[in-house]
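The structure file my_file.txt is reproduced below (compact mmCIF, N, CA and C atoms).
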```txt
# COMPACT_ATOMS: atom_id res chain seq x y z
N MET A 1 17.69 158.52 182.59
CA MET A 1 16.57 157.63 182.75
C MET A 1 15.46 157.97 181.76
N LYS A 2 15.36 159.24 181.44
CA LYS A 2 14.35 159.69 180.49
C LYS A 2 14.58 159.05 179.13
N TYR A 3 15.85 158.91 178.71
CA TYR A 3 16.16 158.32 177.41
C TYR A 3 15.85 156.83 177.39
N VAL A 4 16.05 156.16 178.50
CA VAL A 4 15.74 154.73 178.59
C VAL A 4 14.24 154.51 178.42
N PHE A 5 13.44 155.32 179.11
CA PHE A 5 11.99 155.20 179.01
C PHE A 5 11.52 155.50 177.59
N ARG A 6 12.05 156.54 176.98
CA ARG A 6 11.67 156.89 175.60
C ARG A 6 12.10 155.80 174.63
N GLY A 7 13.28 155.24 174.83
CA GLY A 7 13.75 154.17 173.96
C GLY A 7 12.89 152.92 174.06
N ALA A 8 12.53 152.55 175.28
CA ALA A 8 11.67 151.39 175.49
C ALA A 8 10.28 151.63 174.90
N LEU A 9 9.74 152.81 175.11
CA LEU A 9 8.43 153.14 174.55
C LEU A 9 8.46 153.11 173.03
N TYR A 10 9.52 153.64 172.44
CA TYR A 10 9.67 153.64 170.98
C TYR A 10 9.72 152.21 170.45
N ASN A 11 10.48 151.34 171.10
CA ASN A 11 10.58 149.94 170.66
C ASN A 11 9.25 149.20 170.78
N PHE A 12 8.55 149.39 171.90
CA PHE A 12 7.25 148.74 172.07
C PHE A 12 6.25 149.26 171.05
N LEU A 13 6.29 150.55 170.77
CA LEU A 13 5.40 151.13 169.77
C LEU A 13 5.69 150.55 168.39
N CYS A 14 6.96 150.44 168.03
CA CYS A 14 7.34 149.83 166.75
C CYS A 14 6.86 148.39 166.66
N ILE A 15 7.02 147.64 167.74
CA ILE A 15 6.59 146.24 167.74
C ILE A 15 5.09 146.13 167.48
N PHE A 16 4.28 146.91 168.20
CA PHE A 16 2.84 146.79 168.04
C PHE A 16 2.35 147.34 166.71
N VAL A 17 2.93 148.42 166.22
CA VAL A 17 2.53 148.96 164.92
C VAL A 17 2.86 147.98 163.81
N PHE A 18 4.07 147.42 163.83
CA PHE A 18 4.44 146.47 162.79
C PHE A 18 3.68 145.15 162.93
N ALA A 19 3.34 144.74 164.14
CA ALA A 19 2.53 143.53 164.32
C ALA A 19 1.15 143.71 163.69
N ILE A 20 0.58 144.89 163.83
CA ILE A 20 -0.72 145.18 163.20
C ILE A 20 -0.58 145.20 161.69
N ILE A 21 0.49 145.81 161.19
CA ILE A 21 0.71 145.85 159.73
C ILE A 21 0.91 144.43 159.19
N TYR A 22 1.71 143.62 159.88
CA TYR A 22 1.93 142.24 159.45
C TYR A 22 0.63 141.44 159.50
N TYR A 23 -0.21 141.72 160.48
CA TYR A 23 -1.49 141.02 160.56
C TYR A 23 -2.39 141.39 159.39
N ILE A 24 -2.34 142.63 158.97
CA ILE A 24 -3.15 143.07 157.82
C ILE A 24 -2.69 142.37 156.54
N VAL A 25 -1.38 142.21 156.37
CA VAL A 25 -0.84 141.58 155.15
C VAL A 25 -0.43 140.12 155.40
N ARG A 26 -1.08 139.45 156.33
CA ARG A 26 -0.69 138.09 156.70
C ARG A 26 -0.82 137.09 155.56
N LYS A 27 -1.63 137.37 154.57
CA LYS A 27 -1.76 136.47 153.42
C LYS A 27 -0.52 136.53 152.53
N GLU A 28 0.34 137.52 152.76
CA GLU A 28 1.57 137.66 152.00
C GLU A 28 2.72 136.88 152.61
N MET A 29 2.45 136.11 153.68
CA MET A 29 3.50 135.40 154.39
C MET A 29 3.15 133.93 154.51
N ASP A 30 4.18 133.11 154.66
CA ASP A 30 4.01 131.66 154.84
C ASP A 30 4.45 131.27 156.23
N MET A 31 3.78 130.24 156.77
CA MET A 31 4.21 129.66 158.03
C MET A 31 5.34 128.68 157.75
N ASN A 32 6.30 128.58 158.61
CA ASN A 32 7.44 127.67 158.44
C ASN A 32 7.18 126.28 158.99
N GLU A 33 5.95 125.92 159.12
CA GLU A 33 5.62 124.60 159.64
C GLU A 33 5.34 123.67 158.47
N GLU A 34 5.60 122.39 158.68
CA GLU A 34 5.37 121.40 157.63
C GLU A 34 3.92 120.93 157.70
N ILE A 35 3.05 121.73 157.15
CA ILE A 35 1.62 121.43 157.12
C ILE A 35 1.19 121.39 155.66
N SER A 36 0.37 120.42 155.32
CA SER A 36 0.00 120.24 153.92
C SER A 36 -0.90 121.36 153.42
N GLN A 37 -1.64 121.98 154.29
CA GLN A 37 -2.51 123.08 153.86
C GLN A 37 -2.06 124.38 154.50
N TYR A 38 -2.49 125.48 153.91
CA TYR A 38 -2.10 126.80 154.40
C TYR A 38 -2.79 127.09 155.73
N VAL A 39 -2.02 127.51 156.69
CA VAL A 39 -2.55 127.92 157.98
C VAL A 39 -2.35 129.43 158.08
N GLU A 40 -3.43 130.14 158.28
CA GLU A 40 -3.34 131.60 158.35
C GLU A 40 -2.72 132.03 159.68
N PRO A 41 -1.73 132.91 159.62
CA PRO A 41 -1.08 133.37 160.85
C PRO A 41 -2.04 134.12 161.76
N THR A 42 -1.88 133.94 163.04
CA THR A 42 -2.69 134.65 164.03
C THR A 42 -1.98 135.95 164.42
N PHE A 43 -2.66 136.76 165.23
CA PHE A 43 -2.02 137.99 165.70
C PHE A 43 -0.81 137.68 166.57
N ALA A 44 -0.87 136.59 167.32
CA ALA A 44 0.27 136.19 168.14
C ALA A 44 1.49 135.88 167.27
N ASP A 45 1.25 135.26 166.10
CA ASP A 45 2.35 134.97 165.18
C ASP A 45 2.97 136.26 164.64
N THR A 46 2.13 137.23 164.29
CA THR A 46 2.67 138.48 163.76
C THR A 46 3.34 139.31 164.86
N LEU A 47 2.82 139.22 166.08
CA LEU A 47 3.48 139.90 167.21
C LEU A 47 4.84 139.27 167.48
N PHE A 48 4.92 137.95 167.39
CA PHE A 48 6.19 137.25 167.56
C PHE A 48 7.19 137.66 166.48
N LEU A 49 6.72 137.77 165.23
CA LEU A 49 7.57 138.21 164.14
C LEU A 49 8.10 139.61 164.39
N ALA A 50 7.22 140.54 164.76
CA ALA A 50 7.63 141.92 165.00
C ALA A 50 8.60 142.02 166.18
N THR A 51 8.39 141.23 167.21
CA THR A 51 9.27 141.26 168.38
C THR A 51 10.65 140.72 168.03
N THR A 52 10.72 139.62 167.30
CA THR A 52 12.03 139.06 166.97
C THR A 52 12.80 139.95 166.00
N ILE A 53 12.10 140.60 165.09
CA ILE A 53 12.78 141.52 164.17
C ILE A 53 13.29 142.73 164.94
N GLN A 54 12.47 143.30 165.80
CA GLN A 54 12.87 144.50 166.56
C GLN A 54 13.99 144.17 167.54
N ALA A 55 14.02 142.97 168.06
CA ALA A 55 15.08 142.57 169.00
C ALA A 55 16.36 142.19 168.29
N GLY A 56 16.29 142.00 167.00
CA GLY A 56 17.48 141.64 166.25
C GLY A 56 17.78 140.16 166.25
N VAL A 57 16.85 139.35 166.72
CA VAL A 57 17.06 137.90 166.79
C VAL A 57 16.92 137.28 165.41
N GLY A 58 15.83 137.60 164.73
CA GLY A 58 15.63 137.13 163.37
C GLY A 58 14.94 135.79 163.24
N TYR A 59 14.80 135.00 164.31
CA TYR A 59 14.10 133.72 164.24
C TYR A 59 12.61 133.98 164.26
N THR A 60 11.89 133.36 163.34
CA THR A 60 10.46 133.56 163.29
C THR A 60 9.78 132.38 162.62
N LEU A 61 8.50 132.25 162.83
CA LEU A 61 7.72 131.20 162.19
C LEU A 61 7.18 131.64 160.84
N LEU A 62 7.23 132.92 160.56
CA LEU A 62 6.69 133.46 159.32
C LEU A 62 7.83 133.86 158.38
N THR A 63 7.63 133.62 157.11
CA THR A 63 8.59 134.08 156.11
C THR A 63 7.82 134.85 155.05
N PRO A 64 8.40 135.94 154.56
CA PRO A 64 7.71 136.71 153.54
C PRO A 64 7.72 135.96 152.21
N LYS A 65 6.61 136.04 151.48
CA LYS A 65 6.57 135.39 150.18
C LYS A 65 6.32 136.38 149.05
N SER A 66 6.08 137.64 149.38
CA SER A 66 5.88 138.65 148.34
C SER A 66 6.85 139.81 148.57
N SER A 67 6.99 140.62 147.56
CA SER A 67 7.88 141.78 147.68
C SER A 67 7.39 142.75 148.74
N LEU A 68 6.08 142.93 148.84
CA LEU A 68 5.53 143.85 149.83
C LEU A 68 5.92 143.43 151.24
N SER A 69 5.76 142.15 151.56
CA SER A 69 6.10 141.71 152.91
C SER A 69 7.61 141.76 153.16
N LYS A 70 8.42 141.54 152.13
CA LYS A 70 9.87 141.67 152.29
C LYS A 70 10.25 143.12 152.58
N TYR A 71 9.63 144.06 151.87
CA TYR A 71 9.91 145.47 152.10
C TYR A 71 9.48 145.90 153.51
N LEU A 72 8.33 145.40 153.97
CA LEU A 72 7.88 145.74 155.32
C LEU A 72 8.87 145.25 156.38
N LEU A 73 9.38 144.04 156.20
CA LEU A 73 10.37 143.51 157.14
C LEU A 73 11.65 144.35 157.12
N MET A 74 12.07 144.76 155.93
CA MET A 74 13.27 145.59 155.84
C MET A 74 13.06 146.95 156.48
N ILE A 75 11.87 147.52 156.33
CA ILE A 75 11.58 148.82 156.95
C ILE A 75 11.68 148.70 158.47
N GLN A 76 11.13 147.62 159.03
CA GLN A 76 11.24 147.45 160.49
C GLN A 76 12.69 147.26 160.90
N GLN A 77 13.47 146.54 160.10
CA GLN A 77 14.88 146.37 160.43
C GLN A 77 15.62 147.70 160.39
N PHE A 78 15.27 148.57 159.45
CA PHE A 78 15.87 149.90 159.42
C PHE A 78 15.50 150.71 160.66
N PHE A 79 14.25 150.58 161.12
CA PHE A 79 13.85 151.25 162.35
C PHE A 79 14.68 150.75 163.53
N MET A 80 14.92 149.43 163.58
CA MET A 80 15.72 148.86 164.66
C MET A 80 17.16 149.38 164.60
N ILE A 81 17.74 149.42 163.40
CA ILE A 81 19.11 149.92 163.24
C ILE A 81 19.18 151.38 163.65
N PHE A 82 18.20 152.18 163.24
CA PHE A 82 18.17 153.59 163.61
C PHE A 82 18.09 153.77 165.12
N THR A 83 17.28 152.92 165.76
CA THR A 83 17.15 152.99 167.22
C THR A 83 18.49 152.71 167.89
N ASN A 84 19.19 151.69 167.42
CA ASN A 84 20.49 151.36 168.01
C ASN A 84 21.51 152.47 167.78
N LEU A 85 21.51 153.06 166.61
CA LEU A 85 22.43 154.17 166.34
C LEU A 85 22.15 155.37 167.23
N MET A 86 20.87 155.68 167.41
CA MET A 86 20.51 156.81 168.27
C MET A 86 20.89 156.51 169.73
N LEU A 87 20.73 155.26 170.14
CA LEU A 87 21.11 154.88 171.51
C LEU A 87 22.61 155.08 171.72
N PHE A 88 23.41 154.67 170.76
CA PHE A 88 24.86 154.88 170.88
C PHE A 88 25.20 156.36 170.89
N TYR A 89 24.45 157.16 170.13
CA TYR A 89 24.70 158.60 170.10
C TYR A 89 24.42 159.21 171.48
N PHE A 90 23.30 158.86 172.09
CA PHE A 90 22.96 159.43 173.40
C PHE A 90 23.89 158.94 174.50
N ILE A 91 24.38 157.72 174.38
CA ILE A 91 25.32 157.21 175.37
C ILE A 91 26.64 157.96 175.29
N SER A 92 27.03 158.34 174.07
CA SER A 92 28.33 159.00 173.88
C SER A 92 28.29 160.49 174.26
N LEU A 93 27.13 161.04 174.56
CA LEU A 93 27.06 162.46 174.94
C LEU A 93 27.70 162.72 176.27
```
Entire entry expressed as structure tokens:
Amino acid sequence: MKYVFRGALYNFLCIFVFAIIYYIVRKEMDMNEEISQYVEPTFADTLFLATTIQAGVGYTLLTPKSSLSKYLLMIQQFFMIFTNLMLFYFISL
């Protein structure tokens, strides 16, 4: 049970940290809506992005438009992959 709590806490921490990072660099991302003018993403949009990336779903309203934002998304995906690998390791003990 201790590992489940730690795993959940780690995932929630990753989601909130990356949501804050995405909010800081929100000008590096585009909204996937058909709007003629640029709409700046809100914190809810960046939290949604971080949650879907961490959950492995991948559906989001934001798309990266710069190399920096692409690298940040890949870093979070690596964190998610690492979490899943560690979970399989602890289950196999």
Counting all atoms listed in the file, what is within 7 Å of Phe43 (chain A), bar same-chain residues fewer than 5 positions away, as an mmCIF file with N, CA and C atoms, keeping the file's coordinate frame?
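Wrote it out as around.cif, contents follow:
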```cif
data_model
loop_
_atom_site.group_PDB
_atom_site.id
_atom_site.type_symbol
_atom_site.label_atom_id
_atom_site.label_comp_id
_atom_site.auth_asym_id
_atom_site.auth_seq_id
_atom_site.Cartn_x
_atom_site.Cartn_y
_atom_site.Cartn_z
ATOM 1 N N ALA A 19 3.340 144.740 164.140
ATOM 2 C CA ALA A 19 2.530 143.530 164.320
ATOM 3 C C ALA A 19 1.150 143.710 163.690
ATOM 4 N N TYR A 23 -0.210 141.720 160.480
ATOM 5 C CA TYR A 23 -1.490 141.020 160.560
ATOM 6 C C TYR A 23 -2.390 141.390 159.390
ATOM 7 N N PHE A 48 4.920 137.950 167.390
ATOM 8 C CA PHE A 48 6.190 137.250 167.560
ATOM 9 C C PHE A 48 7.190 137.660 166.480
#
```
Any idea what's packed within 8 Å of region 2-9 of chain A, counting all atoms listed in the file, ignoring anything in its chain fewer than 3 positions away? Could you give it as a PyMOL selection string?
-> chain A and resi 12-15+83+87+90
Keeping N, CA and C atoms, export the residues of the selection given above as a PDB file, keeping the file's coordinate frame.
```pdb
ATOM      1  N   PHE A  12       8.550 149.390 171.900  1.00  0.00           N
ATOM      2  CA  PHE A  12       7.250 148.740 172.070  1.00  0.00           C
ATOM      3  C   PHE A  12       6.250 149.260 171.050  1.00  0.00           C
ATOM      4  N   LEU A  13       6.290 150.550 170.770  1.00  0.00           N
ATOM      5  CA  LEU A  13       5.400 151.130 169.770  1.00  0.00           C
ATOM      6  C   LEU A  13       5.690 150.550 168.390  1.00  0.00           C
ATOM      7  N   CYS A  14       6.960 150.440 168.030  1.00  0.00           N
ATOM      8  CA  CYS A  14       7.340 149.830 166.750  1.00  0.00           C
ATOM      9  C   CYS A  14       6.860 148.390 166.660  1.00  0.00           C
ATOM     10  N   ILE A  15       7.020 147.640 167.740  1.00  0.00           N
ATOM     11  CA  ILE A  15       6.590 146.240 167.740  1.00  0.00           C
ATOM     12  C   ILE A  15       5.090 146.130 167.480  1.00  0.00           C
ATOM     13  N   THR A  83      17.280 152.920 165.760  1.00  0.00           N
ATOM     14  CA  THR A  83      17.150 152.990 167.220  1.00  0.00           C
ATOM     15  C   THR A  83      18.490 152.710 167.890  1.00  0.00           C
ATOM     16  N   LEU A  87      20.730 155.260 170.140  1.00  0.00           N
ATOM     17  CA  LEU A  87      21.110 154.880 171.510  1.00  0.00           C
ATOM     18  C   LEU A  87      22.610 155.080 171.720  1.00  0.00           C
ATOM     19  N   PHE A  90      23.300 158.860 172.090  1.00  0.00           N
ATOM     20  CA  PHE A  90      22.960 159.430 173.400  1.00  0.00           C
ATOM     21  C   PHE A  90      23.890 158.940 174.500  1.00  0.00           C
TER      22      PHE A  90
END
```
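For the pair atom N of Glu28 (chain A) and atom N of Met74 (chain A), the interatomic distance is 14.1 Å.
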Separation of CA of Val39 (chain A) from CA of Gln54 (chain A), in Å and rounded to one decimal |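 That distance, rounded to one decimal, is 24.2 Å.
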Can you list, as a count of residues only, every residue of region 10-69 of chain A that DSSP puts in helix (DSSP H, G or I)?
-> 34
